[in-house]
file target_31.cif (mmCIF, C-alpha atoms)
data_model
loop_
_atom_site.label_atom_id
_atom_site.label_comp_id
_atom_site.auth_asym_id
_atom_site.auth_seq_id
_atom_site.Cartn_x
_atom_site.Cartn_y
_atom_site.Cartn_z
CA MET C 24 -54.29 -55.75 76.45
CA ARG C 25 -53.84 -55.52 72.70
CA GLU C 26 -56.53 -56.84 70.38
CA THR C 27 -54.92 -56.83 66.94
CA ILE C 28 -51.50 -58.09 68.05
CA LEU C 29 -51.29 -61.22 70.18
CA GLU C 30 -48.10 -61.66 72.19
CA GLU C 31 -46.55 -64.90 73.45
CA ARG C 32 -43.33 -65.06 75.43
CA ASP C 33 -41.12 -68.14 75.33
CA GLY C 34 -37.94 -67.49 77.26
CA ALA C 35 -36.03 -64.76 75.45
CA VAL C 36 -38.22 -65.01 72.33
CA VAL C 37 -41.44 -63.05 71.78
CA VAL C 38 -43.94 -64.14 69.11
CA LEU C 39 -46.18 -61.35 67.79
CA THR C 40 -49.23 -62.57 65.88
CA MET C 41 -51.22 -60.17 63.72
CA ASN C 42 -54.85 -60.78 64.63
CA ARG C 43 -57.54 -59.39 62.33
CA PRO C 44 -58.62 -62.71 60.82
CA ARG C 45 -61.77 -61.45 59.10
CA GLN C 46 -59.68 -58.85 57.29
CA ARG C 47 -56.84 -61.31 56.62
CA ASN C 48 -54.75 -59.28 59.05
CA ALA C 49 -54.95 -56.07 57.04
CA PHE C 50 -53.54 -53.09 58.91
CA ASN C 51 -55.93 -50.50 60.31
CA ARG C 52 -54.98 -47.64 62.60
CA GLN C 53 -55.24 -49.79 65.72
CA MET C 54 -53.01 -52.51 64.32
CA TRP C 55 -50.33 -50.04 63.15
CA HIS C 56 -50.24 -48.60 66.66
CA GLU C 57 -50.32 -51.94 68.46
CA LEU C 58 -47.54 -53.53 66.42
CA ARG C 59 -45.47 -50.38 66.86
CA ASP C 60 -46.00 -50.54 70.62
CA ALA C 61 -45.25 -54.26 70.76
CA LEU C 62 -41.93 -53.68 68.99
CA ARG C 63 -41.17 -50.82 71.37
CA ASP C 64 -41.85 -53.04 74.38
CA ALA C 65 -39.64 -55.79 72.97
CA GLN C 66 -36.92 -53.27 72.22
CA GLU C 67 -36.96 -51.90 75.76
CA ASP C 68 -37.13 -55.28 77.52
CA PRO C 69 -33.58 -56.54 78.17
CA GLY C 70 -34.93 -60.06 78.55
CA VAL C 71 -36.13 -60.17 74.94
CA HIS C 72 -33.42 -61.28 72.53
CA ALA C 73 -35.46 -62.09 69.40
CA VAL C 74 -38.92 -61.39 67.99
CA VAL C 75 -41.02 -63.48 65.59
CA VAL C 76 -43.88 -61.97 63.55
CA THR C 77 -46.65 -64.11 62.04
CA GLY C 78 -50.38 -63.98 61.29
CA THR C 79 -53.63 -65.70 62.24
CA ALA C 80 -56.16 -67.62 60.19
CA GLY C 81 -53.89 -68.70 57.37
CA ALA C 82 -52.89 -65.17 56.39
CA PHE C 83 -49.75 -63.18 57.08
CA SER C 84 -51.14 -59.75 56.17
CA ALA C 85 -53.32 -58.47 53.34
CA GLY C 86 -51.62 -55.07 53.63
CA GLN C 87 -53.24 -51.75 54.37
CA ASP C 88 -56.95 -51.81 55.16
CA LEU C 89 -58.17 -49.88 52.13
CA SER C 90 -61.24 -48.63 53.99
CA GLU C 91 -58.90 -46.38 56.00
CA MET C 92 -57.06 -44.94 53.00
CA THR C 93 -59.83 -42.48 52.18
CA GLY C 94 -59.02 -40.17 55.10
CA ALA C 95 -56.38 -37.46 54.98
CA ASP C 96 -54.72 -38.46 58.26
CA ASP C 97 -51.85 -40.90 58.48
CA PRO C 98 -53.43 -44.07 59.95
CA GLY C 99 -50.22 -44.83 61.83
CA PHE C 100 -47.94 -46.16 59.11
CA GLY C 101 -45.28 -43.47 59.58
CA ALA C 102 -44.88 -44.00 63.32
CA PHE C 103 -44.79 -47.77 62.81
CA MET C 104 -42.04 -47.45 60.21
CA ASP C 105 -39.98 -45.24 62.51
CA ARG C 106 -40.16 -47.93 65.18
CA LEU C 107 -39.47 -50.77 62.73
CA CYS C 108 -36.39 -49.04 61.29
CA ALA C 109 -35.06 -48.34 64.79
CA PHE C 110 -35.60 -51.92 65.99
CA ASP C 111 -32.17 -53.47 66.55
CA LYS C 112 -32.95 -56.93 67.88
CA PRO C 113 -33.25 -59.97 65.60
CA LEU C 114 -36.60 -59.89 63.80
CA LEU C 115 -37.91 -63.06 62.19
CA ALA C 116 -41.01 -63.68 60.08
CA ALA C 117 -43.12 -66.82 59.72
CA VAL C 118 -45.11 -66.16 56.54
CA ASN C 119 -48.08 -68.45 56.98
CA GLY C 120 -50.28 -67.20 54.13
CA VAL C 121 -51.01 -64.28 51.87
CA GLY C 122 -48.71 -61.27 52.16
CA VAL C 123 -49.73 -58.18 50.20
CA GLY C 124 -48.23 -54.69 50.39
CA ILE C 125 -46.77 -54.31 53.87
CA GLY C 126 -47.26 -58.07 54.18
CA LEU C 127 -44.39 -58.31 51.71
CA THR C 128 -42.36 -55.17 52.37
CA LEU C 129 -42.21 -55.89 56.11
CA LEU C 130 -40.15 -58.97 55.23
CA LEU C 131 -37.38 -56.78 53.82
CA HIS C 132 -36.80 -55.45 57.34
CA CYS C 133 -36.55 -58.93 58.86
CA ASP C 134 -33.34 -60.84 59.52
CA VAL C 135 -34.78 -64.30 58.86
CA VAL C 136 -37.89 -65.17 56.81
CA TYR C 137 -39.42 -68.64 56.46
CA ILE C 138 -42.49 -69.14 54.27
CA ALA C 139 -45.16 -71.85 54.20
CA GLU C 140 -46.11 -73.88 51.18
CA GLY C 141 -49.23 -72.31 49.70
CA ALA C 142 -48.39 -68.80 50.86
CA ARG C 143 -48.31 -66.02 48.25
CA LEU C 144 -46.83 -62.54 48.15
CA ARG C 145 -47.70 -59.50 46.07
CA PRO C 146 -46.47 -55.90 45.82
CA PRO C 147 -49.62 -54.22 44.43
CA PHE C 148 -48.31 -50.66 44.36
CA VAL C 149 -48.05 -49.84 40.65
CA ALA C 150 -51.39 -51.56 40.00
CA LEU C 151 -52.91 -49.18 42.57
CA GLY C 152 -51.18 -46.16 41.08
CA VAL C 153 -48.89 -45.56 44.07
CA VAL C 154 -45.15 -45.83 44.66
CA PRO C 155 -43.67 -48.72 46.65
CA GLU C 156 -43.76 -48.32 50.44
CA ALA C 157 -41.58 -49.06 53.44
CA ALA C 158 -38.29 -48.32 51.62
CA SER C 159 -38.95 -51.31 49.35
CA SER C 160 -37.74 -49.46 46.25
CA TYR C 161 -34.30 -49.52 47.92
CA LEU C 162 -34.42 -52.66 50.05
CA LEU C 163 -35.87 -54.99 47.42
CA PRO C 164 -33.05 -54.41 44.87
CA ALA C 165 -30.54 -54.71 47.70
CA THR C 166 -32.10 -58.04 48.67
CA ILE C 167 -32.77 -59.76 45.33
CA GLY C 168 -30.96 -57.66 42.71
CA TRP C 169 -32.05 -54.80 40.48
CA GLN C 170 -33.56 -56.69 37.55
CA ARG C 171 -35.48 -59.13 39.69
CA ALA C 172 -36.73 -56.27 41.86
CA ALA C 173 -37.86 -54.36 38.79
CA GLU C 174 -39.80 -57.37 37.55
CA VAL C 175 -41.42 -57.88 40.95
CA LEU C 176 -42.37 -54.23 41.48
CA LEU C 177 -43.33 -53.24 37.93
CA THR C 178 -45.51 -56.26 37.13
CA ALA C 179 -47.22 -56.39 40.56
CA ASP C 180 -47.64 -60.13 39.97
CA TRP C 181 -48.26 -62.76 42.61
CA ILE C 182 -45.21 -64.64 43.88
CA ASP C 183 -45.74 -68.16 45.16
CA ALA C 184 -43.81 -69.53 48.12
CA ARG C 185 -41.30 -71.53 46.12
CA ARG C 186 -40.52 -68.54 43.90
CA ALA C 187 -40.16 -66.35 46.99
CA VAL C 188 -37.38 -68.64 48.20
CA GLU C 189 -35.77 -68.70 44.74
CA LEU C 190 -35.76 -64.90 44.66
CA GLY C 191 -34.35 -64.59 48.17
CA LEU C 192 -37.43 -63.06 49.79
CA ALA C 193 -37.43 -66.02 52.17
CA SER C 194 -34.67 -68.42 53.11
CA ARG C 195 -36.66 -71.60 53.76
CA LEU C 196 -39.83 -73.24 52.49
CA CYS C 197 -41.79 -75.11 55.17
CA THR C 198 -44.99 -77.08 55.39
CA PRO C 199 -47.71 -75.10 57.16
CA ASP C 200 -47.42 -77.31 60.23
CA GLU C 201 -43.65 -77.00 60.57
CA LEU C 202 -43.43 -73.26 59.80
CA LEU C 203 -43.88 -71.62 63.19
CA PRO C 204 -41.98 -74.30 65.16
CA ALA C 205 -39.08 -73.95 62.72
CA VAL C 206 -38.97 -70.16 63.05
CA ARG C 207 -39.29 -70.34 66.82
CA ALA C 208 -36.43 -72.83 66.94
CA VAL C 209 -34.06 -70.61 64.96
CA ALA C 210 -35.13 -67.60 67.04
CA ALA C 211 -34.29 -69.54 70.19
CA ARG C 212 -30.85 -70.42 68.81
CA ILE C 213 -30.19 -66.79 67.92
CA ALA C 214 -31.35 -65.71 71.38
CA LEU C 215 -28.64 -67.88 72.95
CA GLN C 216 -25.84 -66.01 71.19
CA PRO C 217 -24.03 -63.01 72.75
CA ARG C 218 -26.50 -60.18 72.34
CA GLN C 219 -24.07 -57.43 71.35
CA ALA C 220 -22.39 -59.62 68.74
CA VAL C 221 -25.79 -60.51 67.24
CA GLN C 222 -26.88 -56.86 67.12
CA LEU C 223 -23.67 -55.71 65.48
CA ALA C 224 -23.68 -58.57 62.98
CA ALA C 225 -27.27 -57.73 61.99
CA PHE C 226 -26.45 -54.00 61.85
CA PHE C 227 -23.57 -54.44 59.42
CA GLU C 228 -25.36 -57.10 57.37
CA LYS C 229 -28.34 -54.83 56.78
CA ARG C 230 -26.09 -51.94 55.80
CA ALA C 231 -23.79 -53.89 53.48
CA PRO C 232 -25.32 -52.29 50.34
CA ASP C 233 -24.49 -48.84 51.72
CA PHE C 234 -20.86 -49.77 52.32
CA SER C 235 -20.46 -51.29 48.85
CA LYS C 236 -21.10 -47.89 47.30
CA ARG C 237 -18.26 -46.17 49.17
#
call {"tool": "encode", "arguments": {"input": "target_31.cif", "output": "structure tokens"}}
result
Amino acid sequence: MRETILEERDGAVVVLTMNRPRQRNAFNRQMWHELRDALRDAQEDPGVHAVVVTGTAGAFSAGQDLSEMTGADDPGFGAFMDRLCAFDKPLLAAVNGVGVGIGLTLLLHCDVVYIAEGARLRPPFVALGVVPEAASSYLLPATIGWQRAAEVLLTADWIDARRAVELGLASRLCTPDELLPAVRAVAARIALQPRQAVQLAAFFEKRAPDFSKR
């Protein structure tokens, strides 16, 4: 049984909840591994047609647990990213609170993102003296445009929920109470569609920026 990732099955939809509330769901080695494994299990289960990711305790994810960045070993980020990039089922996010670092860049890999009023996002990379992670230097411009992406990444400023929707980081602003039910409802509707058609539509949609350059 996983500790840092809670799993709930509702028909063909799986809800994965990041669960390190005292750390605002910051990723440590265990959580990288457990979310990777949860995505693998969902990928391999033919009965799962859509996956929702959210967080506990009013936080989506505070990013990497900085206490684990002092070691030389990869805490599990690389293996998680390999699994995330290979995941080909609909992935939805219910952003219920703060999203920093991977708590923002994870959203760029999702097909549908809803965000709660009061939630905030931040890409802290340049402020920490590091380059953007999780392919965000490519995916963010592809999602919101080059100039907006430059402003977001180079200032490292906080982005409130309404601005996140304006930028295109999320498609819908919800009250905290309606957030998860709304995301679960759209996931259930997606799960009813022909699976192969959904997978191919998502595949080509995500790769549209590549095709535009040819």
call {"tool": "residues_around", "arguments": {"input": "target_31.cif", "residues": "C:Val74", "least_positions_apart": "6", "cutoff": "8 Å", "atoms": "only C-alpha atoms", "output": "JSON, numbers by chain"}}
result
{"C": [36, 37, 38, 39, 65, 112, 113, 114, 115, 210]}
call {"tool": "resolve_selection", "arguments": {"input": "target_31.cif", "expression": "the PyMOL selection byres ((chain C and resi 197) around 12)", "output": "list in words"}}
result
Ala117, Val118, Asn119, Gly120, Val136, Tyr137, Ile138, Ala139, Glu140, Gly141, Ala142, Ala184, Arg185, Val188, Ala193, Ser194, Arg195, Leu196, Thr198, Pro199, Asp200, Glu201, Leu202, Leu203, Pro204, Ala205 and Val206 of chain C
call {"tool": "closest_residue", "arguments": {"input": "target_31.cif", "among": "C:Cys133, C:Ala80, C:Met104, C:Leu127", "to": "C:Ala225", "atoms": "all atoms listed in the file"}}
result
C:Cys133
call {"tool": "closest_residue", "arguments": {"input": "target_31.cif", "among": "C:Pro146, C:Gly70, C:Gly124, C:Gly99", "to": "C:Ala85", "atoms": "only C-alpha atoms"}}
result
C:Gly124
call {"tool": "residues_around", "arguments": {"input": "target_31.cif", "residues": "C:Arg106", "least_positions_apart": "5", "cutoff": "10 Å", "atoms": "only C-alpha atoms", "output": "PyMOL selection string"}}
result
chain C and resi 58-63+66+101+111
call {"tool": "write_last_selection", "arguments": {"input": "target_31.cif", "atoms": "C-alpha atoms", "output": "PDB file, keeping the file's coordinate frame"}}
result
ATOM      1  CA  LEU C  58     -47.540 -53.530  66.420  1.00  0.00           C
ATOM      2  CA  ARG C  59     -45.470 -50.380  66.860  1.00  0.00           C
ATOM      3  CA  ASP C  60     -46.000 -50.540  70.620  1.00  0.00           C
ATOM      4  CA  ALA C  61     -45.250 -54.260  70.760  1.00  0.00           C
ATOM      5  CA  LEU C  62     -41.930 -53.680  68.990  1.00  0.00           C
ATOM      6  CA  ARG C  63     -41.170 -50.820  71.370  1.00  0.00           C
ATOM      7  CA  GLN C  66     -36.920 -53.270  72.220  1.00  0.00           C
ATOM      8  CA  GLY C 101     -45.280 -43.470  59.580  1.00  0.00           C
ATOM      9  CA  ASP C 111     -32.170 -53.470  66.550  1.00  0.00           C
TER      10      ASP C 111
END
call {"tool": "residues_near_point", "arguments": {"input": "target_31.cif", "point": "(-58.5, -58.9, 58.1)", "cutoff": "10 Å", "atoms": "only C-alpha atoms", "output": "ChimeraX atom specification"}}
result
/C:27,41-51,79-80,82-88
call {"tool": "closest_residue", "arguments": {"input": "target_31.cif", "among": "C:Leu223, C:Tyr161, C:Ala35, C:Leu130", "to": "C:Asp68", "atoms": "all atoms listed in the file"}}
result
C:Ala35
call {"tool": "resolve_selection", "arguments": {"input": "target_31.cif", "expression": "the PyMOL selection byres ((chain C and resi 150) around 12)", "output": "list in words"}}
result
Gly124, Arg145, Pro146, Pro147, Phe148, Val149, Leu151, Gly152, Val153, Val154, Pro155, Val175, Leu176, Leu177, Thr178, Ala179, Asp180 and Trp181 of chain C
call {"tool": "atom_distance", "arguments": {"input": "target_31.cif", "atom1": "atom CA of C:Ile28", "atom2": "atom CA of C:Gln219"}}
result
27.6 Å
call {"tool": "decode", "arguments": {"input": "target_31.cif", "residues": "stretch 143-193 of chain C", "atoms": "N, CA and C atoms", "output": "mmCIF file, in the first residue's frame"}}
result
data_model
loop_
_atom_site.group_PDB
_atom_site.id
_atom_site.type_symbol
_atom_site.label_atom_id
_atom_site.label_comp_id
_atom_site.auth_asym_id
_atom_site.auth_seq_id
_atom_site.Cartn_x
_atom_site.Cartn_y
_atom_site.Cartn_z
ATOM 1 N N ARG C 143 -2.432 29.021 -6.083
ATOM 2 C CA ARG C 143 -1.375 29.831 -6.695
ATOM 3 C C ARG C 143 -0.310 28.916 -7.270
ATOM 4 N N LEU C 144 0.307 29.380 -8.349
ATOM 5 C CA LEU C 144 1.366 28.629 -9.008
ATOM 6 C C LEU C 144 2.631 29.475 -9.067
ATOM 7 N N ARG C 145 3.783 28.773 -9.072
ATOM 8 C CA ARG C 145 5.046 29.506 -9.212
ATOM 9 C C ARG C 145 6.120 28.606 -9.801
ATOM 10 N N PRO C 146 6.838 29.101 -10.833
ATOM 11 C CA PRO C 146 8.020 28.405 -11.335
ATOM 12 C C PRO C 146 9.267 29.051 -10.717
ATOM 13 N N PRO C 147 9.854 28.486 -9.679
ATOM 14 C CA PRO C 147 10.888 29.185 -8.916
ATOM 15 C C PRO C 147 12.302 29.030 -9.465
ATOM 16 N N PHE C 148 12.442 28.458 -10.636
ATOM 17 C CA PHE C 148 13.731 27.933 -11.081
ATOM 18 C C PHE C 148 14.826 28.997 -11.161
ATOM 19 N N VAL C 149 14.584 30.095 -11.878
ATOM 20 C CA VAL C 149 15.655 31.085 -12.014
ATOM 21 C C VAL C 149 15.992 31.713 -10.666
ATOM 22 N N ALA C 150 15.001 31.854 -9.789
ATOM 23 C CA ALA C 150 15.269 32.402 -8.458
ATOM 24 C C ALA C 150 16.163 31.475 -7.641
ATOM 25 N N LEU C 151 16.124 30.171 -7.958
ATOM 26 C CA LEU C 151 16.964 29.191 -7.272
ATOM 27 C C LEU C 151 18.284 28.957 -7.994
ATOM 28 N N GLY C 152 18.460 29.608 -9.145
ATOM 29 C CA GLY C 152 19.697 29.447 -9.895
ATOM 30 C C GLY C 152 19.768 28.162 -10.691
ATOM 31 N N VAL C 153 18.606 27.621 -11.078
ATOM 32 C CA VAL C 153 18.571 26.383 -11.860
ATOM 33 C C VAL C 153 17.717 26.607 -13.106
ATOM 34 N N VAL C 154 17.863 25.715 -14.079
ATOM 35 C CA VAL C 154 17.074 25.824 -15.305
ATOM 36 C C VAL C 154 15.704 25.183 -15.085
ATOM 37 N N PRO C 155 14.711 25.567 -15.871
ATOM 38 C CA PRO C 155 13.383 24.964 -15.737
ATOM 39 C C PRO C 155 13.414 23.458 -15.969
ATOM 40 N N GLU C 156 12.515 22.755 -15.269
ATOM 41 C CA GLU C 156 12.496 21.293 -15.279
ATOM 42 C C GLU C 156 11.342 20.759 -16.109
ATOM 43 N N ALA C 157 11.342 19.445 -16.260
ATOM 44 C CA ALA C 157 10.198 18.702 -16.802
ATOM 45 C C ALA C 157 9.787 19.178 -18.191
ATOM 46 N N ALA C 158 10.783 19.574 -19.001
ATOM 47 C CA ALA C 158 10.546 20.039 -20.376
ATOM 48 C C ALA C 158 9.728 21.323 -20.422
ATOM 49 N N SER C 159 9.657 22.055 -19.305
ATOM 50 C CA SER C 159 8.815 23.247 -19.268
ATOM 51 C C SER C 159 9.353 24.370 -20.144
ATOM 52 N N SER C 160 10.653 24.399 -20.407
ATOM 53 C CA SER C 160 11.181 25.442 -21.284
ATOM 54 C C SER C 160 10.683 25.267 -22.712
ATOM 55 N N TYR C 161 10.221 24.073 -23.053
ATOM 56 C CA TYR C 161 9.594 23.813 -24.355
ATOM 57 C C TYR C 161 8.072 23.825 -24.258
ATOM 58 N N LEU C 162 7.533 23.123 -23.265
ATOM 59 C CA LEU C 162 6.087 22.957 -23.179
ATOM 60 C C LEU C 162 5.368 24.243 -22.791
ATOM 61 N N LEU C 163 5.986 25.071 -21.947
ATOM 62 C CA LEU C 163 5.299 26.294 -21.527
ATOM 63 C C LEU C 163 5.096 27.254 -22.700
ATOM 64 N N PRO C 164 6.139 27.549 -23.518
ATOM 65 C CA PRO C 164 5.887 28.385 -24.699
ATOM 66 C C PRO C 164 4.874 27.766 -25.655
ATOM 67 N N ALA C 165 4.912 26.444 -25.795
ATOM 68 C CA ALA C 165 3.947 25.780 -26.677
ATOM 69 C C ALA C 165 2.527 25.912 -26.153
ATOM 70 N N THR C 166 2.388 26.048 -24.833
ATOM 71 C CA THR C 166 1.069 26.118 -24.209
ATOM 72 C C THR C 166 0.520 27.537 -24.163
ATOM 73 N N ILE C 167 1.357 28.514 -23.783
ATOM 74 C CA ILE C 167 0.846 29.872 -23.553
ATOM 75 C C ILE C 167 1.484 30.923 -24.442
ATOM 76 N N GLY C 168 2.444 30.543 -25.292
ATOM 77 C CA GLY C 168 3.110 31.513 -26.158
ATOM 78 C C GLY C 168 4.464 31.923 -25.597
ATOM 79 N N TRP C 169 5.353 32.340 -26.509
ATOM 80 C CA TRP C 169 6.741 32.591 -26.117
ATOM 81 C C TRP C 169 6.889 33.758 -25.148
ATOM 82 N N GLN C 170 6.254 34.889 -25.419
ATOM 83 C CA GLN C 170 6.456 36.045 -24.557
ATOM 84 C C GLN C 170 5.850 35.833 -23.172
ATOM 85 N N ARG C 171 4.685 35.258 -23.135
ATOM 86 C CA ARG C 171 4.082 34.983 -21.829
ATOM 87 C C ARG C 171 4.921 33.970 -21.055
ATOM 88 N N ALA C 172 5.426 32.957 -21.751
ATOM 89 C CA ALA C 172 6.268 31.961 -21.084
ATOM 90 C C ALA C 172 7.542 32.595 -20.553
ATOM 91 N N ALA C 173 8.130 33.488 -21.327
ATOM 92 C CA ALA C 173 9.347 34.163 -20.872
ATOM 93 C C ALA C 173 9.075 34.969 -19.608
ATOM 94 N N GLU C 174 7.952 35.684 -19.591
ATOM 95 C CA GLU C 174 7.613 36.463 -18.399
ATOM 96 C C GLU C 174 7.410 35.558 -17.188
ATOM 97 N N VAL C 175 6.714 34.452 -17.391
ATOM 98 C CA VAL C 175 6.457 33.521 -16.291
ATOM 99 C C VAL C 175 7.755 32.924 -15.761
ATOM 100 N N LEU C 176 8.603 32.431 -16.662
ATOM 101 C CA LEU C 176 9.822 31.737 -16.236
ATOM 102 C C LEU C 176 10.889 32.693 -15.718
ATOM 103 N N LEU C 177 11.055 33.843 -16.355
ATOM 104 C CA LEU C 177 12.180 34.716 -16.021
ATOM 105 C C LEU C 177 11.918 35.588 -14.805
ATOM 106 N N THR C 178 10.656 35.849 -14.481
ATOM 107 C CA THR C 178 10.366 36.610 -13.263
ATOM 108 C C THR C 178 10.221 35.715 -12.047
ATOM 109 N N ALA C 179 9.823 34.457 -12.254
ATOM 110 C CA ALA C 179 9.566 33.510 -11.158
ATOM 111 C C ALA C 179 8.501 34.036 -10.198
ATOM 112 N N ASP C 180 7.583 34.845 -10.711
ATOM 113 C CA ASP C 180 6.530 35.418 -9.878
ATOM 114 C C ASP C 180 5.416 34.402 -9.604
ATOM 115 N N TRP C 181 4.644 34.700 -8.565
ATOM 116 C CA TRP C 181 3.449 33.912 -8.278
ATOM 117 C C TRP C 181 2.361 34.214 -9.305
ATOM 118 N N ILE C 182 1.583 33.203 -9.630
ATOM 119 C CA ILE C 182 0.469 33.323 -10.570
ATOM 120 C C ILE C 182 -0.795 32.896 -9.835
ATOM 121 N N ASP C 183 -1.746 33.810 -9.700
ATOM 122 C CA ASP C 183 -2.972 33.414 -9.003
ATOM 123 C C ASP C 183 -3.869 32.603 -9.938
ATOM 124 N N ALA C 184 -4.918 32.035 -9.379
ATOM 125 C CA ALA C 184 -5.745 31.090 -10.131
ATOM 126 C C ALA C 184 -6.403 31.740 -11.339
ATOM 127 N N ARG C 185 -6.907 32.941 -11.159
ATOM 128 C CA ARG C 185 -7.573 33.612 -12.283
ATOM 129 C C ARG C 185 -6.581 33.891 -13.411
ATOM 130 N N ARG C 186 -5.386 34.326 -13.055
ATOM 131 C CA ARG C 186 -4.365 34.583 -14.066
ATOM 132 C C ARG C 186 -3.937 33.285 -14.744
ATOM 133 N N ALA C 187 -3.903 32.195 -13.995
ATOM 134 C CA ALA C 187 -3.542 30.903 -14.585
ATOM 135 C C ALA C 187 -4.516 30.523 -15.693
ATOM 136 N N VAL C 188 -5.798 30.807 -15.481
ATOM 137 C CA VAL C 188 -6.792 30.522 -16.517
ATOM 138 C C VAL C 188 -6.613 31.476 -17.693
ATOM 139 N N GLU C 189 -6.351 32.749 -17.408
ATOM 140 C CA GLU C 189 -6.133 33.723 -18.482
ATOM 141 C C GLU C 189 -4.944 33.333 -19.355
ATOM 142 N N LEU C 190 -3.886 32.826 -18.729
ATOM 143 C CA LEU C 190 -2.689 32.435 -19.464
ATOM 144 C C LEU C 190 -2.891 31.152 -20.258
ATOM 145 N N GLY C 191 -3.806 30.308 -19.813
ATOM 146 C CA GLY C 191 -4.000 29.012 -20.447
ATOM 147 C C GLY C 191 -3.324 27.871 -19.723
ATOM 148 N N LEU C 192 -2.869 28.111 -18.489
ATOM 149 C CA LEU C 192 -2.306 27.029 -17.681
ATOM 150 C C LEU C 192 -3.401 26.122 -17.130
ATOM 151 N N ALA C 193 -4.592 26.654 -17.031
ATOM 152 C CA ALA C 193 -5.770 25.883 -16.628
ATOM 153 C C ALA C 193 -6.924 26.325 -17.509
#
